[in-house]
Amino acid sequence: MRAPIKKIFTLDPFEKKEERQIHQVQNLIWGEWTKELKENEEILDPVSGEIFLRVPNTTDFSEYIKNFDKCPKSGLHNPIKNPERYLMLGEVSRNASRILKEKSVEQYFCKLIQRVMPKSKGQCLGEVEVTRVFLENFSGDNVRFLARSFSNPGNYLGQETSGYRWPFGSVCIIAPFNFPLEIPVLQVMGALFMGNRPLVKVDSKVSVVFEQFLRLLIHCGLPASDVDFINCKGEVMGELIKRSKNQIRLLQFTGSKEVAQRLSLETFGKIKIEDAGFDWKIIGPDYDPKWAKHVAWQCDEDAYNASGQKCSAQSFLFVHKNWEKDLLPRLKELASKRKLENLDVGPILTWTNQQIIEHIDCLLTIPGSKILFGGKKLLNNTIPPIYGSFQPTALEIPIDKILGDNFKKITKEVFGPFQIIVVYEDKNMQIVKKTLENISQNLTAAVVSNDVLFQQEILASTVNGTTYSGMKARTTGAPQNHWFGPSGDPRSAGIGTPEAIISTWSSHREIIKDVGPL
Ligand code: NAD
């Protein structure tokens, strides 16, 4: 490793195959990296199948629970307590963004992400860039501006009322595997900016990325005791939350719908959720051959980048009959060009081939349904069987079969390179709109049309939190320049923008000054 990198990080993702060592991930508790690690989980390199990491399998979490009491409910800072911390955090962001801009550090994180969550170089670089630009956005005074308050005159002399953004205090963040850098970093920084002290848990398959980034933040001036970091199994984290539900003042969860639901009950609703995506795209009636290449390319990107393991991945594609003959063959051709060598398609970390095949077989029992392309395992690879390895796949279902008894199985989120395609005509618009109404997840959506009246019809009757509209519309987007998150649920969290940080990580407090004169 290059000297400055060696100073900050503890593993080298570029090691040559014959020199590779197994890296030990550590927990961080009240500013100390844990030394004694009795129990560990061994993590396999998803491409080669070799043991790559040892990650603590923490079962004794009593010290983490004790630490919840060390941060008061008024937070580490708020607009009238320790305001210098807003400036300090702006400085940490500035320093981290500068270091992340160095080519060697940028490449370090790209490679590290790719080792644990194999996706193409472009996708890994995108994640590092979003994280860097986010840190640039919150360099300097922009952290304090997040906590901007307002004032209204009172009824008489000496009375004035002010609204403040207040922290929650001790909070908890649970992050999934698919964006190992971006999701935990953006949520942790947002939590800290607003004055909270987080305990962070990232999926053990990928938590090494956040571990290394935490070392970078500490190197950049973040007090090491501002964040606790635990590695453990999901159910152990569930138990930790259950036992400390009165101390955790807010849990921010990103992951599956089932776990989100369970944690909602455990925390008595003190939760902000970024949960599953069964994201839809509708291609409108205004077929235009000059747009066909672009629309097809965007559909392929949305459905199959990162092997479909994006919460914003296109799961359900409605294609107007006018586009069918041109678009569907293009999709098939683009999917066939995806290759394991450059990780345009790769390991599927939470679905096995068997599960995908069973799901496809179940859908094929619907009369008239058929595989448009894909549908088979990837051949000639070393991906261990605990992970999936499947061709980019599309299954077509007739429009008149998508509601009723079939709806539930059709709208099951497959976290892999898989999408449902439905061809519709103008006369089917009621079925289309009823389907969109019945889908329970409201994360991302796309209305691919430049017909303003068609856009209006769809936008007015749907609620997805991040919706693109227009001929270039997509379902996957870059969360540092626009709000990203579900809508239509009072528990919805957001990520990336000032509004997302303010609404997820702070609550409103009103202080009414009433000092006289008598
Ligand atoms: P998951 O719910 O199994 O795991 C997510 C995290 O929760 C992991 O860190 C896991 O260890 C932890 N966890 C699991 N069980 C737990 C429990 N009982 N108590 C506490 N923590 C627990 O999700 P996954 O399958 O690994 O991730 C994919 C899912 O996440 C998909 O449904 C995807 O759509 C969703 N996702 C959503 C967003 C978003 O922004 N909305 C982003 C990424 C992923």
# chains A, B, ... in the order shown; residues from 1 in each chain; ligands from 1
>>> residues_near_ligand(ligand="ligand 1", cutoff="6 Å", atoms="only C-alpha atoms and all ligand atoms", output="CSV table (one decimal) with all heavy atoms, in the first residue's frame")
chain,number,residue,atom,x,y,z
A,174,ILE,N,-29.0,0.8,10.8
A,174,ILE,CA,-28.8,-0.6,10.3
A,174,ILE,C,-28.8,-0.4,8.8
A,174,ILE,O,-29.7,0.1,8.2
A,174,ILE,CB,-29.9,-1.5,10.8
A,174,ILE,CG1,-29.9,-1.6,12.3
A,174,ILE,CG2,-29.7,-2.9,10.1
A,174,ILE,CD1,-30.9,-2.6,12.9
A,175,ALA,N,-27.7,-0.9,8.2
A,175,ALA,CA,-27.5,-0.8,6.7
A,175,ALA,C,-27.4,-2.1,6.0
A,175,ALA,O,-26.8,-3.1,6.6
A,175,ALA,CB,-26.3,0.1,6.4
A,176,PRO,N,-27.8,-2.2,4.8
A,176,PRO,CA,-27.7,-3.5,4.0
A,176,PRO,C,-26.4,-3.7,3.3
A,176,PRO,O,-25.5,-2.9,3.5
A,176,PRO,CB,-28.9,-3.4,3.0
A,176,PRO,CG,-28.9,-1.9,2.7
A,176,PRO,CD,-28.4,-1.2,3.9
A,177,PHE,N,-26.4,-4.7,2.4
A,177,PHE,CA,-25.1,-5.1,1.8
A,177,PHE,C,-24.8,-4.4,0.5
A,177,PHE,O,-23.7,-4.3,0.0
A,177,PHE,CB,-25.0,-6.6,1.6
A,177,PHE,CG,-26.0,-7.0,0.5
A,177,PHE,CD1,-25.5,-7.1,-0.9
A,177,PHE,CD2,-27.3,-7.4,0.7
A,177,PHE,CE1,-26.4,-7.5,-1.9
A,177,PHE,CE2,-28.1,-7.8,-0.3
A,177,PHE,CZ,-27.7,-7.8,-1.6
A,202,VAL,N,-23.7,-2.6,10.0
A,202,VAL,CA,-23.7,-2.8,8.5
A,202,VAL,C,-23.7,-4.4,8.3
A,202,VAL,O,-23.1,-5.1,9.0
A,202,VAL,CB,-22.5,-2.2,7.8
A,202,VAL,CG1,-22.6,-2.3,6.3
A,202,VAL,CG2,-22.5,-0.7,8.2
A,203,ASP,N,-24.4,-4.8,7.2
A,203,ASP,CA,-24.4,-6.2,6.9
A,203,ASP,C,-22.9,-6.8,6.9
A,203,ASP,O,-22.1,-6.2,6.3
A,203,ASP,CB,-25.0,-6.4,5.5
A,203,ASP,CG,-25.3,-7.9,5.2
A,203,ASP,OD1,-24.4,-8.7,5.4
A,203,ASP,OD2,-26.4,-8.2,4.8
A,233,LYS,N,-24.7,-10.8,14.0
A,233,LYS,CA,-25.8,-11.3,13.1
A,233,LYS,C,-27.0,-10.5,13.2
A,233,LYS,O,-27.3,-9.8,14.2
A,233,LYS,CB,-26.1,-12.7,13.6
A,233,LYS,CG,-25.0,-13.7,13.2
A,233,LYS,CD,-25.7,-15.1,12.9
A,233,LYS,CE,-24.8,-16.0,12.0
A,233,LYS,NZ,-23.5,-16.2,12.4
A,234,GLY,N,-27.9,-10.5,12.2
A,234,GLY,CA,-29.1,-9.7,12.2
A,234,GLY,C,-30.0,-10.0,13.4
A,234,GLY,O,-30.4,-9.0,14.1
A,235,GLU,N,-30.1,-11.3,13.8
A,235,GLU,CA,-31.0,-11.5,14.9
A,235,GLU,C,-30.5,-11.0,16.2
A,235,GLU,O,-31.2,-10.7,17.1
A,235,GLU,CB,-31.4,-13.0,14.9
A,235,GLU,CG,-30.3,-14.0,15.0
A,235,GLU,CD,-29.8,-14.5,13.6
A,235,GLU,OE1,-30.0,-13.8,12.6
A,235,GLU,OE2,-29.3,-15.6,13.5
A,237,MET,N,-28.7,-8.3,16.5
A,237,MET,CA,-29.0,-6.9,16.5
A,237,MET,C,-30.5,-6.6,16.9
A,237,MET,O,-30.8,-5.7,17.6
A,237,MET,CB,-28.7,-6.3,15.1
A,237,MET,CG,-28.7,-4.8,15.0
A,237,MET,SD,-27.4,-4.2,16.0
A,237,MET,CE,-27.8,-2.4,16.1
A,238,GLY,N,-31.3,-7.6,16.4
A,238,GLY,CA,-32.7,-7.5,16.7
A,238,GLY,C,-32.9,-7.6,18.3
A,238,GLY,O,-33.7,-6.8,18.9
A,254,THR,N,-32.4,0.4,6.9
A,254,THR,CA,-32.4,0.2,5.4
A,254,THR,C,-32.3,-1.3,5.2
A,254,THR,O,-31.3,-1.8,5.6
A,254,THR,CB,-31.3,1.0,4.7
A,254,THR,OG1,-31.3,2.4,5.1
A,254,THR,CG2,-31.5,1.0,3.2
A,255,GLY,N,-33.3,-1.9,4.5
A,255,GLY,CA,-33.2,-3.3,4.3
A,255,GLY,C,-34.5,-3.8,3.8
A,255,GLY,O,-35.3,-3.1,3.3
A,256,SER,N,-34.8,-5.1,4.2
A,256,SER,CA,-36.0,-5.7,3.6
A,256,SER,C,-37.3,-5.3,4.4
A,256,SER,O,-37.2,-4.8,5.5
A,256,SER,CB,-35.8,-7.2,3.7
A,256,SER,OG,-35.7,-7.6,5.1
A,259,VAL,N,-38.0,-7.4,7.8
A,259,VAL,CA,-37.2,-6.9,9.0
A,259,VAL,C,-37.7,-5.5,9.4
A,259,VAL,O,-37.9,-5.3,10.6
A,259,VAL,CB,-35.7,-7.0,8.7
A,259,VAL,CG1,-34.9,-6.5,9.9
A,259,VAL,CG2,-35.3,-8.4,8.4
A,274,GLU,N,-36.1,2.9,5.1
A,274,GLU,CA,-35.8,2.8,3.7
A,274,GLU,C,-35.9,1.4,3.4
A,274,GLU,O,-35.0,0.6,3.6
A,274,GLU,CB,-34.4,3.3,3.4
A,274,GLU,CG,-34.1,4.7,3.6
A,274,GLU,CD,-34.1,5.5,2.3
A,274,GLU,OE1,-34.8,5.1,1.3
A,274,GLU,OE2,-33.5,6.6,2.2
A,275,ASP,N,-37.1,0.9,3.0
A,275,ASP,CA,-37.2,-0.6,2.8
A,275,ASP,C,-37.3,-1.0,1.4
A,275,ASP,O,-36.8,-0.3,0.5
A,275,ASP,CB,-38.4,-1.1,3.7
A,275,ASP,CG,-39.7,-0.6,3.2
A,275,ASP,OD1,-39.8,0.3,2.4
A,275,ASP,OD2,-40.7,-1.1,3.7
A,276,ALA,N,-37.9,-2.2,1.2
A,276,ALA,CA,-37.7,-2.8,-0.1
A,276,ALA,C,-38.3,-2.0,-1.3
A,276,ALA,O,-39.1,-1.1,-1.1
A,276,ALA,CB,-38.5,-4.1,0.0
A,277,GLY,N,-37.7,-2.3,-2.4
A,277,GLY,CA,-38.2,-1.6,-3.6
A,277,GLY,C,-38.8,-2.6,-4.6
A,277,GLY,O,-38.1,-3.6,-5.0
A,311,CYS,N,-32.0,-1.3,-4.6
A,311,CYS,CA,-33.4,-1.2,-4.1
A,311,CYS,C,-34.2,-0.4,-5.1
A,311,CYS,O,-35.4,-0.5,-5.2
A,311,CYS,CB,-33.4,-0.4,-2.8
A,311,CYS,SG,-32.4,1.1,-2.8
A,350,THR,N,-28.1,-12.5,-1.8
A,350,THR,CA,-29.1,-12.9,-0.9
A,350,THR,C,-30.2,-13.9,-1.5
A,350,THR,O,-31.1,-14.2,-0.9
A,350,THR,CB,-29.9,-11.7,-0.3
A,350,THR,OG1,-30.4,-10.9,-1.3
A,350,THR,CG2,-29.0,-11.0,0.7
A,485,GLY,N,-35.9,8.1,-1.4
A,485,GLY,CA,-36.5,7.4,-0.3
A,485,GLY,C,-38.0,7.1,-0.7
A,485,GLY,O,-38.5,7.7,-1.6
>>> residues_around(residues="Gly140 in chain A", least_positions_apart="6", cutoff="12 Å", atoms="only C-alpha atoms", output="PyMOL selection string")
chain A and resi 84-95+97+146+193
>>> select_by_dssp(residues="range 219-385 of chain A", states="strand (DSSP E or B)", output="short mmCIF file (atom, residue, chain, number, x, y, z; two decimals) with N, CA and C atoms, in the first residue's frame")
data_model
loop_
_atom_site.label_atom_id
_atom_site.label_comp_id
_atom_site.auth_asym_id
_atom_site.auth_seq_id
_atom_site.Cartn_x
_atom_site.Cartn_y
_atom_site.Cartn_z
N ASP A 228 -20.41 4.42 17.65
CA ASP A 228 -20.08 3.03 17.98
C ASP A 228 -20.40 2.19 16.75
N PHE A 229 -19.59 1.14 16.54
CA PHE A 229 -19.74 0.31 15.34
C PHE A 229 -19.73 -1.15 15.79
N ILE A 230 -20.82 -1.86 15.49
CA ILE A 230 -20.91 -3.26 15.93
C ILE A 230 -21.07 -4.17 14.72
N LEU A 250 -34.13 6.78 18.17
CA LEU A 250 -34.57 6.61 16.78
C LEU A 250 -33.74 5.52 16.12
N LEU A 251 -34.41 4.63 15.40
CA LEU A 251 -33.69 3.63 14.60
C LEU A 251 -33.92 3.96 13.13
N GLN A 252 -32.83 4.09 12.40
CA GLN A 252 -32.96 4.28 10.95
C GLN A 252 -32.58 2.94 10.31
N PHE A 253 -33.52 2.34 9.60
CA PHE A 253 -33.30 1.00 9.04
C PHE A 253 -33.35 1.05 7.52
N THR A 254 -32.37 0.45 6.87
CA THR A 254 -32.42 0.24 5.42
C THR A 254 -32.27 -1.25 5.17
N ILE A 271 -38.95 4.67 14.41
CA ILE A 271 -38.15 4.14 13.30
C ILE A 271 -38.37 4.97 12.05
N LYS A 272 -37.30 5.12 11.27
CA LYS A 272 -37.40 5.73 9.94
C LYS A 272 -36.89 4.68 8.96
N ILE A 273 -37.69 4.40 7.95
CA ILE A 273 -37.43 3.22 7.11
C ILE A 273 -37.13 3.56 5.65
N GLU A 274 -36.07 2.92 5.13
CA GLU A 274 -35.82 2.85 3.68
C GLU A 274 -35.93 1.37 3.38
N ASP A 279 -39.91 -1.68 -7.83
CA ASP A 279 -40.00 -0.40 -8.53
C ASP A 279 -40.51 -0.61 -9.95
N TRP A 280 -41.40 0.28 -10.37
CA TRP A 280 -42.03 0.10 -11.69
C TRP A 280 -41.63 1.23 -12.64
N LYS A 281 -41.71 0.85 -13.92
CA LYS A 281 -41.48 1.84 -14.98
C LYS A 281 -42.59 1.65 -16.00
N ILE A 282 -43.14 2.76 -16.47
CA ILE A 282 -44.19 2.63 -17.48
C ILE A 282 -43.76 3.41 -18.72
N ILE A 283 -43.72 2.70 -19.85
CA ILE A 283 -43.36 3.34 -21.11
C ILE A 283 -44.68 3.78 -21.76
N GLN A 314 -35.35 -1.71 -11.54
CA GLN A 314 -36.63 -1.86 -12.24
C GLN A 314 -37.11 -3.31 -12.12
N SER A 315 -38.23 -3.50 -11.41
CA SER A 315 -38.75 -4.85 -11.20
C SER A 315 -39.95 -5.14 -12.09
N PHE A 316 -40.66 -4.07 -12.47
CA PHE A 316 -41.93 -4.24 -13.17
C PHE A 316 -41.96 -3.22 -14.32
N LEU A 317 -41.92 -3.72 -15.56
CA LEU A 317 -41.87 -2.82 -16.71
C LEU A 317 -43.16 -2.93 -17.52
N PHE A 318 -43.91 -1.82 -17.59
CA PHE A 318 -45.10 -1.76 -18.44
C PHE A 318 -44.69 -1.16 -19.77
N VAL A 319 -44.95 -1.89 -20.84
CA VAL A 319 -44.56 -1.40 -22.17
C VAL A 319 -45.82 -1.18 -22.99
N HIS A 320 -46.02 0.05 -23.49
CA HIS A 320 -47.19 0.29 -24.34
C HIS A 320 -47.03 -0.49 -25.64
N ILE A 348 -25.06 -12.96 -6.72
CA ILE A 348 -26.29 -12.44 -6.11
C ILE A 348 -26.21 -12.84 -4.64
N LYS A 370 -44.41 -16.16 -20.12
CA LYS A 370 -43.28 -16.80 -20.79
C LYS A 370 -41.97 -16.07 -20.51
N ILE A 371 -40.87 -16.84 -20.59
CA ILE A 371 -39.55 -16.21 -20.41
C ILE A 371 -39.19 -15.50 -21.71
N LEU A 372 -38.89 -14.20 -21.63
CA LEU A 372 -38.50 -13.46 -22.84
C LEU A 372 -37.02 -13.65 -23.15
N PHE A 373 -36.22 -13.65 -22.08
CA PHE A 373 -34.79 -13.96 -22.24
C PHE A 373 -34.23 -14.32 -20.87
N LYS A 377 -28.85 -20.45 -15.18
CA LYS A 377 -27.70 -20.14 -14.33
C LYS A 377 -26.54 -19.66 -15.19
#
>>> closest_residue(among="A:Leu44, A:Met189, A:Ala394, A:Ile241", to="Asp300 in chain A", atoms="only C-alpha atoms")
A:Ala394
>>> closest_residue(among="A:Ile29, A:Cys362, A:Leu340, A:Ala260", to="Ala224 in chain A", atoms="only C-alpha atoms")
A:Ile29
>>> closest_residue(among="A:Ser120, A:Gln26, A:Thr444, A:Thr504", to="Glu341 in chain A", atoms="only C-alpha atoms")
A:Ser120
>>> closest_residue(among="A:Thr435, A:Ser48, A:Asn481, A:Gln419", to="Gln309 in chain A", atoms="only C-alpha atoms")
A:Gln419
>>> select_by_dssp(residues="range 204-235 of chain A", states="alpha helix (DSSP H)", output="number ranges by chain")
A: 207-219, 234-235
>>> atom_distance(atom1="CA of Asp326 in chain A", atom2="CA of Pro392 in chain A")
19.2 Å
